[in-house]
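Engineer: This one is coords-v3.cif, mmCIF, C-alpha atoms and all ligand atoms.
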data_work
#
loop_
_atom_site.label_atom_id
_atom_site.label_comp_id
_atom_site.auth_asym_id
_atom_site.auth_seq_id
_atom_site.Cartn_x
_atom_site.Cartn_y
_atom_site.Cartn_z
CA MET A 1 36.55 -8.67 25.39
CA ASP A 2 34.53 -9.73 28.46
CA LEU A 3 32.60 -7.18 30.48
CA ALA A 4 32.94 -7.23 34.27
CA LYS A 5 29.89 -7.64 36.53
CA ALA A 6 30.21 -4.07 37.84
CA ASP A 7 30.26 -2.65 34.28
CA ILE A 8 27.24 -4.56 33.03
CA GLU A 9 25.22 -3.72 36.15
CA ARG A 10 25.51 -0.05 35.11
CA PHE A 11 24.33 -0.75 31.54
CA ASP A 12 21.48 1.56 30.42
CA LEU A 13 19.75 0.56 27.19
CA ALA A 14 18.32 4.07 26.70
CA SER A 15 21.83 5.54 26.50
CA ALA A 16 23.78 2.53 25.25
CA PRO A 17 27.43 3.26 24.39
CA ASP A 18 28.49 3.47 20.72
CA ASP A 19 30.29 0.14 20.80
CA PHE A 20 27.01 -1.56 21.81
CA LEU A 21 25.72 -0.80 18.32
CA ARG A 22 28.81 -2.31 16.70
CA ASP A 23 28.93 -5.40 18.90
CA PRO A 24 26.04 -5.91 21.32
CA PHE A 25 26.98 -9.57 21.73
CA VAL A 26 29.67 -9.02 24.37
CA TYR A 27 27.08 -7.09 26.36
CA TYR A 28 24.53 -9.86 25.90
CA ASP A 29 26.99 -12.48 27.16
CA ALA A 30 27.73 -10.35 30.24
CA LEU A 31 24.01 -9.76 30.85
CA LEU A 32 23.37 -13.51 30.75
CA ALA A 33 26.31 -14.25 33.03
CA HIS A 34 25.89 -11.48 35.61
CA ALA A 35 22.63 -9.56 35.29
CA PRO A 36 19.84 -11.45 33.49
CA VAL A 37 17.26 -9.30 35.33
CA LEU A 38 18.59 -5.74 35.14
CA PRO A 39 16.55 -2.77 36.44
CA GLN A 40 17.04 0.33 34.28
CA PRO A 41 17.32 3.97 35.45
CA ASP A 42 13.90 4.83 33.90
CA GLY A 43 12.10 2.12 35.92
CA SER A 44 11.96 -0.46 33.11
CA VAL A 45 13.69 -3.85 33.41
CA LEU A 46 16.00 -5.53 30.89
CA LEU A 47 15.63 -9.34 30.65
CA SER A 48 17.91 -11.72 28.73
CA ARG A 49 17.37 -15.36 29.75
CA HIS A 50 15.74 -17.67 27.19
CA ALA A 51 13.52 -19.31 29.83
CA ASP A 52 12.24 -15.92 31.05
CA LEU A 53 11.44 -14.63 27.55
CA ASP A 54 9.82 -17.90 26.54
CA ARG A 55 7.57 -17.84 29.62
CA ILE A 56 6.69 -14.16 29.22
CA TYR A 57 5.81 -14.52 25.53
CA ARG A 58 3.35 -17.30 26.41
CA ASP A 59 1.60 -15.45 29.25
CA THR A 60 -0.55 -12.64 27.86
CA ARG A 61 -2.46 -12.32 31.15
CA LEU A 62 0.51 -11.22 33.23
CA TYR A 63 2.43 -9.54 30.39
CA SER A 64 0.51 -7.12 28.20
CA SER A 65 1.48 -5.98 24.69
CA ASP A 66 -0.55 -2.76 24.99
CA LYS A 67 1.86 0.18 24.85
CA LYS A 68 -0.43 3.18 25.45
CA ALA A 69 1.22 4.02 28.79
CA ALA A 70 4.76 3.58 27.45
CA PHE A 71 4.21 5.38 24.14
CA ALA A 72 2.26 8.45 25.37
CA PRO A 73 5.35 10.15 26.87
CA LYS A 74 7.60 8.85 24.07
CA PHE A 75 5.55 10.00 21.06
CA GLY A 76 2.91 12.36 22.53
CA ALA A 77 -0.64 10.99 22.96
CA GLU A 78 -2.03 12.98 19.99
CA SER A 79 0.76 12.12 17.55
CA PRO A 80 0.46 10.01 14.37
CA LEU A 81 3.16 7.64 15.69
CA PHE A 82 1.15 7.09 18.89
CA GLU A 83 -2.01 6.31 16.94
CA HIS A 84 -0.14 3.92 14.67
CA HIS A 85 1.86 1.97 17.21
CA THR A 86 -1.00 1.65 19.73
CA THR A 87 -3.53 0.43 17.13
CA SER A 88 -1.37 -2.13 15.36
CA LEU A 89 -1.75 -5.83 16.06
CA VAL A 90 1.63 -6.34 17.68
CA PHE A 91 1.02 -3.73 20.39
CA SER A 92 -2.53 -4.72 21.23
CA ASP A 93 -4.27 -7.15 23.57
CA PRO A 94 -7.57 -8.96 23.03
CA PRO A 95 -10.18 -8.23 21.75
CA LEU A 96 -8.50 -6.10 19.00
CA HIS A 97 -5.57 -8.50 18.82
CA THR A 98 -7.82 -11.55 18.38
CA ARG A 99 -9.90 -9.93 15.63
CA VAL A 100 -7.01 -8.62 13.54
CA ARG A 101 -4.80 -11.66 14.01
CA ARG A 102 -7.55 -14.00 12.83
CA ILE A 103 -7.85 -12.07 9.57
CA MET A 104 -4.11 -12.00 8.96
CA THR A 105 -3.50 -15.67 9.72
CA SER A 106 -6.44 -16.72 7.56
CA ALA A 107 -4.77 -15.01 4.61
CA LEU A 108 -1.30 -16.42 5.33
CA THR A 109 -2.06 -20.14 5.44
CA PRO A 110 0.65 -22.57 4.29
CA ARG A 111 -1.45 -23.12 1.15
CA ALA A 112 -1.58 -19.38 0.35
CA ILE A 113 2.17 -19.06 0.98
CA ALA A 114 3.01 -22.07 -1.19
CA LYS A 115 1.13 -20.30 -4.00
CA MET A 116 3.50 -17.32 -3.64
CA GLU A 117 6.65 -19.41 -4.25
CA PRO A 118 6.71 -19.29 -8.08
CA GLY A 119 6.34 -15.47 -8.03
CA LEU A 120 9.04 -15.20 -5.39
CA ILE A 121 11.45 -17.33 -7.45
CA LYS A 122 10.76 -15.11 -10.46
CA THR A 123 11.45 -11.94 -8.45
CA VAL A 124 14.70 -13.35 -7.03
CA ASP A 125 15.93 -14.63 -10.40
CA HIS A 126 15.16 -11.29 -12.02
CA LEU A 127 17.21 -9.49 -9.35
CA LEU A 128 20.08 -11.98 -9.71
CA GLU A 129 20.06 -11.37 -13.45
CA GLY A 130 20.53 -7.65 -12.77
CA LEU A 131 23.46 -8.28 -10.39
CA GLY A 132 25.46 -10.29 -12.91
CA GLY A 133 28.12 -8.58 -15.02
CA ARG A 134 28.41 -5.48 -12.80
CA ASP A 135 31.73 -4.35 -11.27
CA GLN A 136 30.21 -3.73 -7.87
CA VAL A 137 26.75 -4.21 -6.37
CA ASP A 138 25.04 -3.40 -3.07
CA LEU A 139 23.52 -6.60 -1.69
CA ILE A 140 21.04 -4.63 0.44
CA GLU A 141 19.83 -2.01 -2.04
CA ASP A 142 20.01 -4.23 -5.13
CA PHE A 143 18.85 -7.51 -3.59
CA ALA A 144 17.87 -8.01 0.09
CA ALA A 145 15.61 -4.93 0.44
CA THR A 146 13.82 -5.39 -2.87
CA ILE A 147 12.55 -8.93 -2.24
CA PRO A 148 10.29 -8.25 0.79
CA ILE A 149 8.95 -5.00 -0.69
CA GLN A 150 7.72 -6.96 -3.70
CA ILE A 151 6.37 -9.87 -1.64
CA ILE A 152 4.55 -7.73 0.92
CA GLY A 153 3.42 -5.41 -1.86
CA ASN A 154 1.86 -8.45 -3.56
CA LEU A 155 0.18 -9.47 -0.30
CA LEU A 156 -1.79 -6.20 -0.19
CA ASP A 157 -1.80 -5.99 -4.00
CA VAL A 158 -0.15 -2.55 -4.05
CA PRO A 159 0.31 -1.58 -7.73
CA LEU A 160 3.94 -2.07 -8.79
CA GLU A 161 4.49 1.56 -9.78
CA GLU A 162 3.31 2.75 -6.31
CA ARG A 163 5.77 0.72 -4.20
CA ALA A 164 8.77 3.08 -4.30
CA PRO A 165 8.02 5.10 -1.10
CA LEU A 166 7.10 2.05 1.03
CA ARG A 167 10.65 1.32 2.16
CA ASP A 168 11.43 4.81 3.48
CA TRP A 169 8.06 5.09 5.26
CA SER A 170 8.61 1.72 6.84
CA LEU A 171 12.17 2.51 8.00
CA ALA A 172 11.01 5.81 9.54
CA ILE A 173 8.05 4.26 11.39
CA LEU A 174 9.93 1.27 12.79
CA GLY A 175 12.95 3.48 13.53
CA ALA A 176 10.75 5.33 16.03
CA LEU A 177 10.74 2.18 18.19
CA GLU A 178 14.41 2.67 19.12
CA PRO A 179 14.95 3.04 22.89
CA SER A 180 15.83 6.73 22.54
CA LEU A 181 14.92 9.16 19.74
CA THR A 182 16.10 12.49 18.33
CA GLU A 183 13.59 15.22 17.36
CA ALA A 184 14.46 14.58 13.71
CA GLN A 185 13.64 10.86 14.00
CA LEU A 186 10.31 11.70 15.66
CA THR A 187 9.38 14.18 12.95
CA ARG A 188 10.36 11.75 10.21
CA GLY A 189 8.32 8.96 11.82
CA ASN A 190 5.22 11.17 12.25
CA HIS A 191 5.38 12.40 8.66
CA ALA A 192 5.78 8.83 7.42
CA VAL A 193 2.62 7.66 9.26
CA GLU A 194 0.62 10.56 7.82
CA ALA A 195 1.88 10.00 4.28
CA PHE A 196 1.31 6.25 4.53
CA LYS A 197 -2.26 6.77 5.83
CA THR A 198 -3.11 9.18 3.02
CA TYR A 199 -1.79 6.71 0.47
CA LEU A 200 -3.65 3.76 2.01
CA SER A 201 -6.99 5.64 2.32
CA ASP A 202 -6.85 6.05 -1.42
CA LEU A 203 -5.86 2.42 -2.00
CA VAL A 204 -8.71 1.21 0.25
CA ALA A 205 -11.20 3.40 -1.67
CA ARG A 206 -10.00 1.85 -4.93
CA ARG A 207 -10.22 -1.66 -3.47
CA LEU A 208 -13.75 -1.01 -2.15
CA ALA A 209 -14.78 -0.03 -5.64
CA LYS A 210 -13.07 -3.09 -7.12
CA PRO A 211 -12.50 -5.87 -4.54
CA GLY A 212 -9.56 -8.24 -5.06
CA ASP A 213 -9.31 -12.04 -4.84
CA LEU A 214 -10.48 -12.95 -1.32
CA GLU A 215 -8.14 -15.92 -1.17
CA THR A 216 -4.92 -14.06 -1.82
CA ASP A 217 -5.54 -10.35 -1.21
CA VAL A 218 -5.01 -9.49 2.46
CA LEU A 219 -6.34 -5.94 1.99
CA THR A 220 -9.69 -7.17 0.67
CA ARG A 221 -9.87 -9.57 3.64
CA LEU A 222 -9.04 -6.82 6.13
CA ILE A 223 -11.71 -4.55 4.61
CA ARG A 224 -14.33 -7.28 4.79
CA GLY A 225 -13.38 -8.55 8.28
CA GLU A 226 -13.91 -12.10 9.51
CA GLY A 227 -17.30 -12.94 11.04
CA ALA A 228 -20.19 -10.72 12.01
CA ASP A 229 -18.59 -8.55 14.74
CA ALA A 230 -15.13 -8.46 13.23
CA GLN A 231 -15.29 -5.44 10.98
CA LEU A 232 -12.32 -3.14 11.62
CA SER A 233 -12.82 0.59 12.10
CA GLU A 234 -11.22 2.82 9.45
CA ILE A 235 -8.30 3.68 11.74
CA GLU A 236 -7.76 0.02 12.71
CA LEU A 237 -7.82 -0.96 9.06
CA LEU A 238 -5.34 1.69 7.87
CA GLN A 239 -2.93 1.26 10.79
CA ASN A 240 -2.86 -2.52 10.46
CA CYS A 241 -2.20 -2.29 6.73
CA ILE A 242 0.75 -0.04 7.54
CA PHE A 243 1.82 -2.51 10.19
CA ILE A 244 1.80 -5.58 7.94
CA LEU A 245 3.73 -3.70 5.26
CA ASN A 246 6.32 -2.70 7.87
CA ALA A 247 6.48 -5.97 9.82
CA GLY A 248 7.46 -8.04 6.83
CA HIS A 249 9.89 -5.60 5.33
CA GLU A 250 12.93 -4.49 7.34
CA THR A 251 13.01 -7.79 9.28
CA THR A 252 13.20 -9.91 6.13
CA THR A 253 15.71 -7.53 4.51
CA ASN A 254 17.88 -8.02 7.59
CA LEU A 255 17.48 -11.80 7.48
CA ILE A 256 18.73 -11.96 3.87
CA GLY A 257 21.50 -9.36 4.39
CA ASN A 258 22.68 -10.94 7.64
CA ALA A 259 22.76 -14.38 5.99
CA LEU A 260 24.90 -13.12 3.10
CA ALA A 261 27.29 -11.38 5.52
CA LEU A 262 27.58 -14.38 7.85
CA LEU A 263 28.19 -16.85 5.02
CA HIS A 264 30.87 -14.51 3.69
CA ASP A 265 32.52 -14.21 7.11
CA HIS A 266 32.36 -17.99 7.71
CA PRO A 267 33.80 -19.44 4.48
CA GLU A 268 33.70 -22.99 5.84
CA SER A 269 29.92 -22.66 6.36
CA ARG A 270 29.50 -21.28 2.86
CA ALA A 271 31.48 -24.20 1.40
CA HIS A 272 29.41 -26.64 3.45
CA LEU A 273 26.15 -25.12 2.22
CA LEU A 274 27.32 -25.14 -1.38
CA ALA A 275 28.19 -28.82 -1.03
CA GLU A 276 24.89 -29.61 0.74
CA PRO A 277 22.16 -27.19 -0.42
CA ASP A 278 19.58 -29.22 1.52
CA LEU A 279 21.01 -27.52 4.60
CA THR A 280 19.57 -24.14 3.48
CA PRO A 281 16.52 -24.23 5.83
CA SER A 282 18.75 -25.11 8.78
CA ALA A 283 21.25 -22.37 7.80
CA ILE A 284 18.39 -19.83 7.75
CA GLU A 285 17.38 -20.91 11.28
CA GLU A 286 20.96 -20.40 12.46
CA VAL A 287 21.10 -16.90 10.93
CA LEU A 288 17.83 -16.13 12.72
CA ARG A 289 19.38 -17.27 16.00
CA PHE A 290 22.88 -15.86 15.59
CA ARG A 291 21.95 -12.44 14.10
CA SER A 292 18.26 -12.07 14.95
CA PRO A 293 16.76 -9.37 12.70
CA ASN A 294 14.65 -8.23 15.65
CA GLN A 295 16.89 -8.03 18.74
CA PHE A 296 14.40 -6.70 21.28
CA GLY A 297 10.74 -7.11 22.18
CA ASN A 298 8.73 -5.46 24.95
CA ARG A 299 5.95 -6.34 27.36
CA GLU A 300 4.28 -4.57 30.29
CA THR A 301 3.52 -6.29 33.61
CA THR A 302 -0.16 -6.29 34.60
CA ALA A 303 0.55 -7.25 38.25
CA GLU A 304 3.49 -7.17 40.64
CA ILE A 305 5.97 -9.97 39.99
CA GLU A 306 9.28 -11.08 41.46
CA MET A 307 12.26 -12.29 39.44
CA ASP A 308 15.65 -13.21 40.92
CA GLY A 309 14.71 -11.40 44.14
CA CYS A 310 13.83 -8.22 42.21
CA VAL A 311 10.28 -6.96 42.86
CA ILE A 312 8.81 -5.58 39.62
CA PRO A 313 5.63 -3.48 40.07
CA ALA A 314 2.54 -3.70 37.85
CA GLY A 315 2.83 -1.41 34.82
CA THR A 316 6.59 -1.94 34.37
CA ASN A 317 7.98 -1.95 30.84
CA LEU A 318 10.11 -5.07 30.22
CA HIS A 319 12.76 -5.08 27.46
CA LEU A 320 13.01 -8.65 26.18
CA CYS A 321 16.45 -9.16 24.68
CA ILE A 322 15.88 -11.77 21.97
CA GLY A 323 19.49 -11.42 20.78
CA ALA A 324 20.77 -12.46 24.21
CA ALA A 325 18.20 -15.23 24.78
CA ASN A 326 19.33 -16.74 21.48
CA ARG A 327 22.86 -17.11 22.92
CA ASP A 328 21.79 -18.52 26.28
CA PRO A 329 24.19 -21.38 27.13
CA ASP A 330 21.41 -23.10 29.12
CA VAL A 331 19.63 -23.73 25.80
CA PHE A 332 22.30 -23.67 23.06
CA ASP A 333 25.56 -25.65 22.99
CA HIS A 334 28.50 -23.42 22.05
CA PRO A 335 26.17 -20.45 21.52
CA ARG A 336 28.94 -18.20 20.12
CA ARG A 337 29.55 -20.66 17.27
CA PHE A 338 27.77 -20.10 13.93
CA ASP A 339 26.68 -23.65 13.10
CA ILE A 340 24.44 -24.15 10.06
CA THR A 341 23.71 -27.74 11.11
CA ARG A 342 22.52 -26.81 14.63
CA LYS A 343 19.73 -29.06 15.86
CA PRO A 344 17.60 -28.44 17.83
CA ASN A 345 17.53 -24.68 17.34
CA ARG A 346 14.86 -23.28 19.66
CA HIS A 347 15.59 -19.62 18.92
CA LEU A 348 13.13 -16.85 19.75
CA ALA A 349 13.73 -14.74 16.63
CA PHE A 350 9.98 -14.85 15.88
CA ALA A 351 9.05 -14.48 19.60
CA GLY A 352 6.46 -17.03 20.81
CA GLY A 353 2.98 -17.52 22.29
CA PRO A 354 -0.14 -15.76 20.97
CA HIS A 355 1.86 -12.93 19.32
CA VAL A 356 4.32 -15.25 17.55
CA CYS A 357 5.21 -13.76 14.16
CA VAL A 358 2.31 -14.16 11.71
CA GLY A 359 4.74 -14.04 8.79
CA LEU A 360 7.26 -16.63 9.93
CA THR A 361 6.50 -19.18 7.21
CA LEU A 362 6.69 -16.48 4.55
CA ALA A 363 9.92 -15.03 6.00
CA ARG A 364 11.54 -18.48 6.06
CA LEU A 365 10.48 -19.10 2.47
CA GLU A 366 11.91 -15.73 1.36
CA GLY A 367 15.17 -16.47 3.18
CA ARG A 368 15.44 -19.97 1.75
CA VAL A 369 14.73 -18.95 -1.86
CA ALA A 370 16.88 -15.79 -1.75
CA ILE A 371 19.94 -17.43 -0.19
CA GLY A 372 19.63 -20.75 -2.04
CA ARG A 373 19.41 -19.14 -5.46
CA PHE A 374 21.98 -16.43 -4.72
CA LEU A 375 24.60 -19.04 -3.75
CA GLN A 376 23.84 -21.18 -6.77
CA ARG A 377 24.34 -18.20 -9.04
CA PHE A 378 27.24 -16.45 -7.26
CA PRO A 379 29.06 -19.10 -5.21
CA SER A 380 32.24 -17.03 -4.87
CA TYR A 381 30.77 -13.58 -4.09
CA SER A 382 32.83 -11.43 -1.77
CA LEU A 383 31.99 -8.43 0.36
CA LEU A 384 34.03 -5.25 0.10
CA PRO A 385 35.44 -3.74 3.30
CA ASP A 386 33.10 -0.73 3.56
CA ARG A 387 29.89 -2.40 4.75
CA VAL A 388 27.53 -0.08 6.66
CA HIS A 389 25.55 -1.26 9.70
CA GLY A 390 21.92 -0.22 10.01
CA GLY A 391 22.71 1.74 13.16
CA ARG A 392 19.73 0.38 15.08
CA ILE A 393 19.52 -1.33 18.44
CA ARG A 394 16.17 -3.03 17.96
CA PHE A 395 16.46 -4.12 14.32
CA ARG A 396 19.86 -5.56 13.46
CA GLY A 397 21.06 -5.55 9.88
CA TYR A 398 23.03 -3.65 7.26
CA ALA A 399 22.18 -0.43 5.45
CA SER A 400 24.68 -1.33 2.74
CA LEU A 401 26.74 -4.39 1.76
CA PRO A 402 28.99 -3.51 -1.19
CA ALA A 403 30.12 -6.67 -2.95
CA VAL A 404 31.58 -8.21 -6.07
CA THR A 405 29.61 -11.17 -7.34
CA GLY A 406 32.31 -13.02 -9.27
C1 LIG A 501 12.86 -12.61 9.33
C2 LIG A 501 11.75 -11.93 9.29
C3 LIG A 501 10.89 -11.64 10.48
C4 LIG A 501 11.22 -11.58 11.81
C5 LIG A 501 12.57 -11.82 12.46
C6 LIG A 501 10.00 -11.24 12.52
C7 LIG A 501 9.92 -11.13 13.91
C8 LIG A 501 8.75 -10.92 14.60
C9 LIG A 501 8.64 -10.89 16.04
C10 LIG A 501 9.79 -11.06 17.03
C11 LIG A 501 7.33 -10.68 16.35
C12 LIG A 501 6.69 -10.64 17.74
C13 LIG A 501 6.65 -9.27 18.32
C14 LIG A 501 6.10 -9.24 19.71
O1 LIG A 501 5.03 -9.77 20.00
O2 LIG A 501 6.76 -8.64 20.57
C15 LIG A 501 6.61 -10.56 15.09
C16 LIG A 501 5.27 -10.30 14.98
C17 LIG A 501 4.62 -10.14 13.78
N1 LIG A 501 5.15 -10.32 12.52
FE1 LIG A 501 7.03 -10.82 12.06
N2 LIG A 501 8.98 -11.11 11.62
C18 LIG A 501 9.48 -11.35 10.36
C19 LIG A 501 8.78 -11.33 9.17
C20 LIG A 501 7.45 -11.06 9.04
C21 LIG A 501 6.70 -11.06 7.80
C22 LIG A 501 7.26 -11.44 6.43
C23 LIG A 501 5.42 -10.68 8.11
C24 LIG A 501 4.21 -10.48 7.22
C25 LIG A 501 3.88 -11.10 6.20
C26 LIG A 501 5.35 -10.49 9.54
C27 LIG A 501 4.25 -10.14 10.22
C28 LIG A 501 4.15 -10.08 11.60
C29 LIG A 501 2.92 -9.75 12.30
C30 LIG A 501 1.58 -9.41 11.65
C31 LIG A 501 3.23 -9.78 13.67
C32 LIG A 501 2.30 -9.47 14.84
C33 LIG A 501 1.75 -10.74 15.43
C34 LIG A 501 0.93 -10.50 16.67
O3 LIG A 501 1.15 -9.51 17.38
O4 LIG A 501 0.05 -11.31 16.93
N3 LIG A 501 6.60 -10.73 10.07
N4 LIG A 501 7.49 -10.73 14.04
#
Give the structure from the file, written as structure tokens.
Structural biologist:
Amino acid sequence: MDLAKADIERFDLASAPDDFLRDPFVYYDALLAHAPVLPQPDGSVLLSRHADLDRIYRDTRLYSSDKKAAFAPKFGAESPLFEHHTTSLVFSDPPLHTRVRRIMTSALTPRAIAKMEPGLIKTVDHLLEGLGGRDQVDLIEDFAATIPIQIIGNLLDVPLEERAPLRDWSLAILGALEPSLTEAQLTRGNHAVEAFKTYLSDLVARRLAKPGDLETDVLTRLIRGEGADAQLSEIELLQNCIFILNAGHETTTNLIGNALALLHDHPESRAHLLAEPDLTPSAIEEVLRFRSPNQFGNRETTAEIEMDGCVIPAGTNLHLCIGAANRDPDVFDHPRRFDITRKPNRHLAFAGGPHVCVGLTLARLEGRVAIGRFLQRFPSYSLLPDRVHGGRIRFRGYASLPAVTG
């Protein structure tokens, strides 16, 4: 199905039709072809071209990440969700952004990540062991969602027996970033922030009493700060711990789940990967492009700009459609084709510029180990017909992928 120019020009992200959730890609193609700069009824603007997103991500002077103005009416300026989302690294500008980012990147060096690989392999192999010999499994619940919870849990050294609630809190808090929200979603998100903060205050108190290994424990680093003036306030510390636990969780679950679904739906790609396992890193890049776990980003203009003859005032919220930019025919040959050998593959799944994903090396490693070892162990897995989509616009993935492994 192709959408006509007149139809796509009426598209409103805040009240997207049901079939947009099922298949946003036809909308993305129409946006790219007919309306790459699309003003929205609420005054925001929806952008889809790769070149525009790439430029915007690099320019933090003209395009701010601070969301106080956008989130006050959405969440309420006194709400827990407002405090969380406006204090976390991703929605902040310098100087807070610079301080927090420095601490996080210093703990996620390639050397530190390489050290995590043996533990990651052990976690994945243990999960694969549990999948074998069962009539039916859920590749999200029993595999994809468990890996990042353990890895991110290790990063902040959350005791194993305390990790169970992390996934639900994380889903509720990130779910509140959807373009439009029900009262129930808002309440769930606010409760999750409060519960998460209470839990983390206690964890921080325990870590203060007994500091962890400075080289590997991100929480100990965040508590200590980097440099003389870099100590985080208590709120900054708690909210950024919540943020790092969330940022690395649903996104990576979606990467692994989307990869398993795509390789199932493209049997020739699966056969190719089985024959040439060295292609795994390139296959992961193609999954990131073709089914980006994070489909939308946002920025706010700090001055009036003009794009395609459209005057956009200062203070305008821009929706950056990563999912569309990653199918832009000006950058990708045959963008609708899933091609695990694609080279170059300049996708924007991790955004770009000063806010580029801090966890991209870790996410790629998790994807590579999870998919590589899963295929080795279960080369002829098949998905059952009743897969369940996550039901989100911003984060694209599956809530459930029932499968047989043999
Ligand atoms: C496939 C998995 C992942 C995807 C697709 C992803 C995607 C993204 C994107 C698009 C951004 C930029 C947001 C923006 O500025 O608008 C981002 C930022 C970030 N991500 Fe990831 N991410 C993934 C995994 C992870 C992991 C595993 C971690 C943590 C270990 C992580 C930590 C962060 C942090 C801390 C930021 C904020 C960076 C900043 O604002 O300076 N991410 N991620």
Engineer: Near Ile140 (chain A), within 7 Å and counting all atoms listed in the file, which residues show up once chain neighbours fewer than 5 positions away are dropped, as a PyMOL selection string?
Structural biologist: chain A and resi 145+257+399-401
Engineer: Pick out the closest residue to Phe296 (chain A) from this set: A:Pro402, A:Pro24, A:Pro344, A:Gly225. Count only C-alpha atoms.
Structural biologist: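 Between A:Pro402, A:Pro24, A:Pro344, A:Gly225, the residue approaching Phe296 (chain A) most closely is A:Pro24.
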Engineer: One decimal, Å: what's the distance from CA of Asp23 (chain A) over to CA of Leu288 (chain A), could you say?
Structural biologist: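 So the answer is 16.6 Å.
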Engineer: Just how far from CA of Ser180 (chain A) is CA of Leu53 (chain A), in Å to one decimal?
Structural biologist: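 Here the two named atoms are 22.4 Å from each other.
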Engineer: Mind giving me the straight-line distance from CA of Leu186 (chain A) to CA of Glu162 (chain A) in Å, one decimal?
Structural biologist: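 So the answer is 24.7 Å.
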Engineer: With all atoms listed in the file as the counted atoms, please give the residues lying no more than 9 Å from Arg188 (chain A), apart from itself and same-chain residues fewer than 5 positions off, as a PyMOL selection string.
Structural biologist: chain A and resi 169+172-173+176+183+193
Engineer: Set the distance at 10 Å and use only C-alpha atoms: which residues neighbour His355 (chain A) once local chain neighbours fewer than 3 positions away are removed? I'd like the list as a list in words.
Structural biologist: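 Listed by chain and then number, they are Tyr57, Arg58, Thr60, Ser65, Leu89, Val90, Phe91, Ser92, Asp93, His97, Thr98, Arg101, Phe350, Ala351, Gly352 and Val358 of chain A.
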Engineer: For Asp330 (chain A), list every protein, DNA or RNA residue within 12 Å, evaluated using all atoms listed in the file, and leave out those in the same chain fewer than 3 positions away; present the list as a list of chain:residue names.
Structural biologist: A:Leu32, A:Ala33, A:Ser48, A:Arg49, A:His50, A:Ala51, A:Asp52, A:Ala324, A:Ala325, A:Asn326, A:Arg327, A:Asp333, A:His334, A:Pro335, A:Arg346
Engineer: Find the residues near region 70-84 of chain A: any atom within 12 Å, counting all atoms listed in the file, skip ones fewer than 4 places away on the same chain, and give them as a PyMOL selection string.
Structural biologist: chain A and resi 42-44+64-66+88-92+169-170+172-183+185-198+235-244+246+298-301+315-319
Engineer: Which is closer to Arg387 (chain A) than all the others in A:Met307, A:Ala261, A:Gly153, A:Thr86, using only C-alpha atoms?
Structural biologist: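 Checking each candidate against Arg387 (chain A), we get A:Ala261 as the closest.
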Engineer: Kindly indicate which residue among A:Met104, A:Leu131, A:Ala303, A:Leu384 lies nearest to ligand LIG 501 (chain A), using all atoms listed in the file for the distances.
Structural biologist: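 Ranking A:Met104, A:Leu131, A:Ala303, A:Leu384 by distance to ligand LIG 501 (chain A), first place goes to A:Met104.
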Engineer: A:Leu274, A:Leu222, A:Ala205, A:Leu155: which is nearest ligand LIG 501 (chain A), counting only C-alpha atoms and all ligand atoms?
Structural biologist: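 Among the listed residues, A:Leu155 lies closest to ligand LIG 501 (chain A).
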Engineer: Would you give the centre and edge lengths, in Å to one decimal, of a box along x, y and z around the listed atoms of ligand LIG 501 (chain A), with 6 Å added to each side, as AutoDock Vina command-line options?
Structural biologist:
--center_x 6.5 --center_y -10.6 --center_z 13.4 --size_x 24.8 --size_y 16.0 --size_z 26.4
